Structure formats: structure tokens, C-alpha cells
Amino acid sequence: MRGKIFERRVRAMRLGLSVVIGIIAVGLFLCTTSEGREVPGESMYKTGPLKPRDSEATIKVGDKAPEFTLPAVSGEKVSLSHYRGKKNVAISFVPAAWTPVCSQQWPGYNIAQELFEKNNTVLLGISVDNIPTLYAWTKEMGKLWFPVLADFWPHGAVARSYGVLRSDGVAERAVFVIDKDGVVRYVDIHDINQMPRLEELMRVLEQLPK
Amino acid sequence: MNRSITRAFVVAMVVLVVAAPARGADPITVMGEPLSRLEFAIPEDAADKAYLGLSGAGVFRLPQVKAEVIIIEVFSMYCPYCQREAEHVNSLFAKIRDHQALKGRVKLIGIGAGNTPYEVELFRKKFSVPFPMVSDHQMTIQSTADEKFRTPTFIVVKPEGGSGLKIMYTHVGKLGELDEFLKKILF
């Protein structure tokens with residue numbers, strides 16, 4: 001009699017264990033195929049509110065823009081001097097890949113290509129992340145029309161030369177506008193938690209000599 | 001043992017199917033009362049005004065829109081998912097416009113969450129959006145829900161009694177098949 005009870009208990013335990021394993025297995029399937037994968041923000045790392053600014057400005061309007069050459073996600077190398085005498089340059093430093101705000105700022109610029117072109121301006125996106133990270137991140141945004149540059153090694157060297165490298169190694173959310181002569185015409189070291197407004201940038205570009 | 005594993009999987013499947021929320025269940029709870037009180041700038045464009053049944057200048061509230069059902073798209077110019085979905089939402093507009101029973105009764109409106117009028121206009125021009133889109137620069141839409149809005153979110157409402165709104169359905173993310181979406185909200 002005791003043997004039978006023991007046997008029943010073992011069978012019940014086995015069944016219970018199988019149900020648990022089954023729930024986990026089926027649950028995993030449902031999760032990975034759920035429509036929720038399409039919902040924005042799922043892959044974003046939630047930084048929470050950050051100190052609005054964590055660097056000392058070194059560049060001001062009227063200064064000569066520091067020269068740089070950085071690798072682009074597309075594989076080429078991009079130098080600021082390449083645009084000298086040809087185009088105005090807007091540089092958008094963003095703090096880091098896969099973080100809020102940044103993940104929307106460039107997609108916003110991405111639909112404003114005509115506005116940049118109308119003002120004879122090229123846009124350069126710069127982040128301190130490495131190329132593979134930037135590749136994966138920008139792929140999520142769709143096809144970007146402007147070069148995305150990795151200021152990864154020496155880490156944040158260009159961000160530092162523009163005075164926008166924060167103490168934790170990420171960059172400020174900053175926009176610089178440099179005219180065709182290589183002179184800085186606009187500096188916006190923005191609150192890192194907030195989106196710089198597009199119309200403010202366009203207002204500046206419209207005032208530059210084409 | 002094999003039989004018990006099979007049985008366990010069947011039980012697990014039943015448990016999960018019963019416990020999991022049905023597809024299309026409301027993913028965000030939006031409150032009709034605060035939504036009905038939000039104010040937006042009356043569009044300047046005459047065609048937009050005519051479509052929404054508004055006149056003059058100043059602000060309007062959603063219950064003032066001349067429609068039996070309003071489909072609200074909460075979007076952001078900066079949201080790549082909204083950009084990718086724009087053409088599909090335009091198709092929804094065309095489907096309703098060309099539908100004998102829905103034409104004139106179901107209206108679409110976009111609310112640019114956190115977007116300035118400039119940014120809303122840029123989005124609208126870029127994707128040739130045929131329905132009115134209004135700016136909600138201060139993100140007042142957030143006061144209508146306890147959880148954070150994700151974009152795009154679709155809120156389907158029924159104006160009631162001239163100043164109220166009844167929330168019929170909400171949907172976060174891609175719209176999916178348009179006929180299915182319309183079936184969910186209209187039948």
C-alpha cells in the first residue's frame with residue numbers, strides 16, 4: 001500500500017515537473033514570437049535622468065573647428081577638412097547607442113535630409129561607441145542618409161577635443177555647426193536628457209552663407 | 001514517461017493559452033475623461049478644418065470633431081517606427097475614405113507627442129499624410145494614461161454627448177492587417 005502511494009507521488013512529481021518545463025518552453029516560444037518585438041523602446045537601455053551637463057566647454061562660436069578623421073559605419077574614413085570650401089557641416093554628438101532620446105534624435109534628422117541639403121550642409125553623427133555597436137543600432141533606425149562616425153578609439157578623442165566628453169566616457173548631446181571656412185558658427189551643448197529642437201538647428205543653417 | 005511528458009505539454013499549452021492575454025487586448029489604458037479635455041490648435045489648413053468639422057482659429061477638443069468614431073494616432077516625428085508605419089496609416093485613411101459605410105463617419109487624426117508644430121509639419125510633408133496632424137509639444141497626452149506612451153499608439157474613441165469621449169480600443173505598435181483592425185474597432 002505504502003509502495004503504491006510512493007509510486008503515485010513520484011508520478012505526480014514527474015508530471016508537475018514536466019508541466020513546469022513545458023510552460024517554460026512554450027512560454028519562451030510565445031515571447032520570442034510576440035508582436036511586442038515591433039514596439040519601440042524594447043531594446044533601449046533605460047538610463048534614467050542624468051546630470052544635464054558634465055563637461056567644460058572649450059569651443060565657442062568664432063573658433064576654428066578642431067580637425068578630425070573618424071571611421072564611418074559605412075566603412076570609409078571621414079575627415080572634417082574634406083568639406084572645407086564646399087559645404088557647411090553640422091555635427092551631432094550623441095551620448096551613446098541604445099539609449100533613450102539618442103535613438104530618436106537621428107531618425108528625426110533622417111527625414112530632414114532635404115532641409116540640410118537646401119542649406120548646403122552635411123550632417124555628421126558622432127558617438128563614442130564602436131563600429132559594430134553603431135552598425136546594429138543605426139540599422140534599427142532604418143537607412144540613414146548621413147555618415148555615422150565612431151569616436152571609439154582613442155576613446156572619445158574627438159568629443160574631448162570639442163569639450164563634450166563627460167566624466168563617465170560618454171559624450172554630451174551636442175550640436176556644432178561649422179561653416180565652409182571651418183569656423184564654428186553654432187554651439188549647443190544640450191541637456192543630455194532632452195531632445196534639441198530641429199527648427200533651432202534649421203534656423204541657424206538658414207543664416208549661413210550657402 | 002513519454003505519455004506523461006506529452007500530457008504535461010498539452011496541459012502547459014492550455015494553461016498558457018488561458019492565462020495569456022488575447023492578441024489585440026488593450027495594451028495601454030487610456031482614460032476618456034482627461035482625453036476629452038485636451039486642447040489642440042485648430043489647423044490652419046481649410047481642408048483639415050473641413051475634414052474635422054471645425055471652424056475659426058484657437059483651440060479645439062476631440063469631442064468637437066465631427067465624427068462617429070475617431071482614430072487617433074499618437075506619433076512622434078523622431079520615432080523610426082512611426083516613420084515606417086506612416087504609409088500603412090495613409091492606406092488606412094484611403095480605405096476609410098473609399099468605404100461607403102465608413103466614409104465621413106470615421107475620421108483620423110495624428111497627435112505629435114512632444115513634437116513642435118514644425119516637427120509635425122515635417123513628418124506630414126515627408127510622408128504625404130492626408131489626414132490632419134496636430135502638435136502636442138507639452139506631451140499633454142501623457143496625462144490620459146498611467147503608463148508611459150509608446151509610439152505609435154492608436155486610440156479609437158467615440159465622441160459622446162458633445163463633450164465626452166468613450167474609449168473603444170487602443171493598440172500599441174504596428175497596425176497590422178487593415179481589415180482586421182477595422183473589424184476590431186467597428187464590429
# chains A, B, ... in the order shown; residues from 1 in each chain; ligands from 1
call {"tool": "residues_around", "arguments": {"residues": "His190 of chain A", "least_positions_apart": "3", "cutoff": "10 Å", "atoms": "only C-alpha atoms", "output": "mmCIF file with N, CA, C and O atoms, in the first residue's frame"}}
result
data_model
loop_
_atom_site.group_PDB
_atom_site.id
_atom_site.type_symbol
_atom_site.label_atom_id
_atom_site.label_comp_id
_atom_site.auth_asym_id
_atom_site.auth_seq_id
_atom_site.Cartn_x
_atom_site.Cartn_y
_atom_site.Cartn_z
ATOM 1 N N PRO A 52 22.436 66.987 -16.295
ATOM 2 C CA PRO A 52 22.220 67.610 -17.615
ATOM 3 C C PRO A 52 23.500 67.838 -18.405
ATOM 4 O O PRO A 52 23.547 67.633 -19.594
ATOM 5 N N ARG A 53 24.571 68.228 -17.673
ATOM 6 C CA ARG A 53 25.826 68.519 -18.368
ATOM 7 C C ARG A 53 26.989 68.142 -17.460
ATOM 8 O O ARG A 53 26.938 68.390 -16.257
ATOM 9 N N GLU A 172 28.455 64.406 -24.492
ATOM 10 C CA GLU A 172 27.269 65.236 -24.283
ATOM 11 C C GLU A 172 26.356 65.094 -25.501
ATOM 12 O O GLU A 172 26.793 64.651 -26.563
ATOM 13 N N ARG A 173 25.114 65.510 -25.333
ATOM 14 C CA ARG A 173 24.244 65.632 -26.504
ATOM 15 C C ARG A 173 24.501 67.041 -27.050
ATOM 16 O O ARG A 173 24.026 68.028 -26.472
ATOM 17 N N ALA A 174 25.307 67.137 -28.081
ATOM 18 C CA ALA A 174 25.757 68.453 -28.521
ATOM 19 C C ALA A 174 25.665 68.600 -30.031
ATOM 20 O O ALA A 174 25.830 67.627 -30.770
ATOM 21 N N VAL A 175 25.375 69.810 -30.448
ATOM 22 C CA VAL A 175 25.336 70.111 -31.882
ATOM 23 C C VAL A 175 26.297 71.276 -32.148
ATOM 24 O O VAL A 175 26.249 72.296 -31.450
ATOM 25 N N VAL A 187 27.008 76.537 -31.296
ATOM 26 C CA VAL A 187 27.324 75.506 -30.303
ATOM 27 C C VAL A 187 26.088 75.303 -29.427
ATOM 28 O O VAL A 187 25.571 76.257 -28.852
ATOM 29 N N ASN A 193 19.339 64.938 -21.269
ATOM 30 C CA ASN A 193 18.055 64.236 -21.140
ATOM 31 C C ASN A 193 17.014 64.709 -22.149
ATOM 32 O O ASN A 193 15.913 64.181 -22.194
ATOM 33 N N GLN A 194 17.355 65.766 -22.887
ATOM 34 C CA GLN A 194 16.335 66.356 -23.758
ATOM 35 C C GLN A 194 16.757 66.431 -25.221
ATOM 36 O O GLN A 194 17.937 66.501 -25.528
ATOM 37 N N MET A 195 15.737 66.463 -26.053
ATOM 38 C CA MET A 195 15.941 66.490 -27.497
ATOM 39 C C MET A 195 16.187 67.926 -27.970
ATOM 40 O O MET A 195 15.358 68.801 -27.723
ATOM 41 N N PRO A 196 17.308 68.180 -28.660
ATOM 42 C CA PRO A 196 17.472 69.516 -29.257
ATOM 43 C C PRO A 196 16.419 69.679 -30.364
ATOM 44 O O PRO A 196 16.136 68.727 -31.088
#
call {"tool": "residues_around", "arguments": {"residues": "segment 152-158 of chain A", "least_positions_apart": "5", "cutoff": "12 Å", "atoms": "only C-alpha atoms", "output": "ChimeraX atom specification"}}
result
/A:65-73,79-80,91,93-97,126-134,163-172
call {"tool": "atom_distance", "arguments": {"atom1": "atom CA of Phe60 of chain B", "atom2": "atom CA of Asp136 of chain B"}}
result
12.5 Å
call {"tool": "closest_residue", "arguments": {"among": "A:Asp63, A:Glu199, A:Glu140, A:Glu56", "to": "Tyr109 of chain A", "atoms": "only C-alpha atoms"}}
result
A:Glu199
call {"tool": "select_by_dssp", "arguments": {"residues": "chain B", "states": "helix (DSSP H, G or I)", "output": "MDAnalysis selection string"}}
result
chainID B and resid 2:19 32:37 46:52 62:64 80:97 117:126 140:144 178:186
call {"tool": "closest_residue", "arguments": {"among": "A:Lys180, A:Arg185, A:Lys77, A:Arg160", "to": "Asp54 of chain A", "atoms": "only C-alpha atoms"}}
result
A:Arg160
call {"tool": "residues_around", "arguments": {"residues": "Leu201 of chain A", "least_positions_apart": "3", "cutoff": "9 Å", "atoms": "only C-alpha atoms", "output": "short mmCIF file (atom, residue, chain, number, x, y, z; two decimals) with N, CA and C atoms, in the first residue's frame"}}
result
data_model
loop_
_atom_site.label_atom_id
_atom_site.label_comp_id
_atom_site.auth_asym_id
_atom_site.auth_seq_id
_atom_site.Cartn_x
_atom_site.Cartn_y
_atom_site.Cartn_z
N ALA A 90 27.18 70.18 -40.01
CA ALA A 90 26.52 70.10 -38.70
C ALA A 90 26.98 68.80 -38.05
N VAL A 175 25.38 69.81 -30.45
CA VAL A 175 25.34 70.11 -31.88
C VAL A 175 26.30 71.28 -32.15
N VAL A 177 27.78 73.66 -35.43
CA VAL A 177 27.68 73.98 -36.85
C VAL A 177 28.96 74.69 -37.26
N TYR A 186 27.93 77.76 -34.46
CA TYR A 186 26.85 77.48 -33.51
C TYR A 186 27.29 76.36 -32.58
N PRO A 196 17.31 68.18 -28.66
CA PRO A 196 17.47 69.52 -29.26
C PRO A 196 16.42 69.68 -30.36
N ARG A 197 15.83 70.85 -30.46
CA ARG A 197 14.76 71.04 -31.45
C ARG A 197 15.35 71.22 -32.84
N LEU A 198 14.74 70.57 -33.78
CA LEU A 198 15.21 70.61 -35.16
C LEU A 198 15.11 72.01 -35.76
N VAL A 204 19.57 78.20 -37.71
CA VAL A 204 21.00 78.53 -37.80
C VAL A 204 21.51 78.25 -39.22
N LEU A 205 21.14 77.09 -39.77
CA LEU A 205 21.64 76.72 -41.10
C LEU A 205 21.16 77.70 -42.17
N GLU A 206 19.93 78.17 -42.00
CA GLU A 206 19.38 79.10 -43.00
C GLU A 206 20.15 80.42 -43.03
#
call {"tool": "closest_residue", "arguments": {"among": "B:Val156, B:Ala101, B:Cys79, B:Ile96", "to": "chain A", "atoms": "only C-alpha atoms"}}
result
B:Cys79
call {"tool": "residues_around", "arguments": {"residues": "Lys66 of chain B", "least_positions_apart": "4", "cutoff": "10 Å", "atoms": "only C-alpha atoms", "output": "short mmCIF file (atom, residue, chain, number, x, y, z; two decimals) with N, CA, C and O atoms, in the first residue's frame"}}
result
data_model
loop_
_atom_site.label_atom_id
_atom_site.label_comp_id
_atom_site.auth_asym_id
_atom_site.auth_seq_id
_atom_site.Cartn_x
_atom_site.Cartn_y
_atom_site.Cartn_z
N ALA B 50 -12.25 71.41 -42.61
CA ALA B 50 -13.48 70.82 -43.15
C ALA B 50 -13.58 69.35 -42.76
O ALA B 50 -14.65 68.87 -42.36
N TYR B 51 -12.46 68.64 -42.85
CA TYR B 51 -12.44 67.21 -42.52
C TYR B 51 -12.84 66.98 -41.06
O TYR B 51 -13.60 66.08 -40.74
N LEU B 52 -12.32 67.85 -40.18
CA LEU B 52 -12.62 67.68 -38.75
C LEU B 52 -13.93 68.35 -38.34
O LEU B 52 -14.39 68.17 -37.21
N GLY B 53 -14.50 69.11 -39.24
CA GLY B 53 -15.76 69.81 -38.92
C GLY B 53 -15.53 70.97 -37.96
O GLY B 53 -16.38 71.26 -37.11
N LEU B 54 -14.39 71.64 -38.10
CA LEU B 54 -14.06 72.76 -37.21
C LEU B 54 -14.05 74.05 -38.02
O LEU B 54 -13.95 74.03 -39.25
N LEU B 62 -11.16 67.09 -28.73
CA LEU B 62 -11.50 65.96 -29.59
C LEU B 62 -13.01 65.70 -29.73
O LEU B 62 -13.48 65.36 -30.82
N ILE B 70 -13.39 58.31 -33.92
CA ILE B 70 -12.11 58.97 -34.26
C ILE B 70 -10.98 57.98 -33.98
O ILE B 70 -10.91 57.40 -32.89
N GLY B 104 -16.77 59.53 -44.00
CA GLY B 104 -17.41 60.64 -43.31
C GLY B 104 -17.81 60.34 -41.87
O GLY B 104 -18.12 61.25 -41.11
N ARG B 105 -17.82 59.08 -41.51
CA ARG B 105 -18.24 58.72 -40.14
C ARG B 105 -17.02 58.43 -39.25
O ARG B 105 -17.06 58.64 -38.05
N VAL B 106 -15.98 57.86 -39.89
CA VAL B 106 -14.76 57.54 -39.13
C VAL B 106 -13.66 58.50 -39.60
O VAL B 106 -13.37 58.58 -40.78
N LYS B 107 -13.07 59.22 -38.65
CA LYS B 107 -12.04 60.21 -39.01
C LYS B 107 -10.71 59.84 -38.33
O LYS B 107 -10.71 59.25 -37.26
N PRO B 159 -17.01 59.98 -29.81
CA PRO B 159 -17.47 61.20 -29.13
C PRO B 159 -18.87 60.98 -28.56
O PRO B 159 -19.71 60.34 -29.20
N GLY B 162 -21.43 65.51 -26.99
CA GLY B 162 -20.87 66.82 -27.31
C GLY B 162 -19.58 67.16 -26.59
O GLY B 162 -18.79 67.94 -27.08
#
call {"tool": "closest_residue", "arguments": {"among": "B:Leu178, B:Ile167, B:Leu108, B:Cys82", "to": "Ala145 of chain B", "atoms": "only C-alpha atoms"}}
result
B:Ile167
call {"tool": "closest_residue", "arguments": {"among": "B:Ile72, B:Ile141, B:Ala57, B:Leu102", "to": "Pro34 of chain B", "atoms": "only C-alpha atoms"}}
result
B:Ile141
call {"tool": "closest_residue", "arguments": {"among": "A:Val78, A:Val183, A:Val122, A:Leu115", "to": "chain B", "atoms": "only C-alpha atoms"}}
result
A:Leu115
call {"tool": "select_by_dssp", "arguments": {"residues": "chain B", "states": "strand (DSSP E or B)", "output": "MDAnalysis selection string"}}
result
chainID B and resid 30 40:41 59:60 69:75 106:113 133:136 145 153:160 164:172
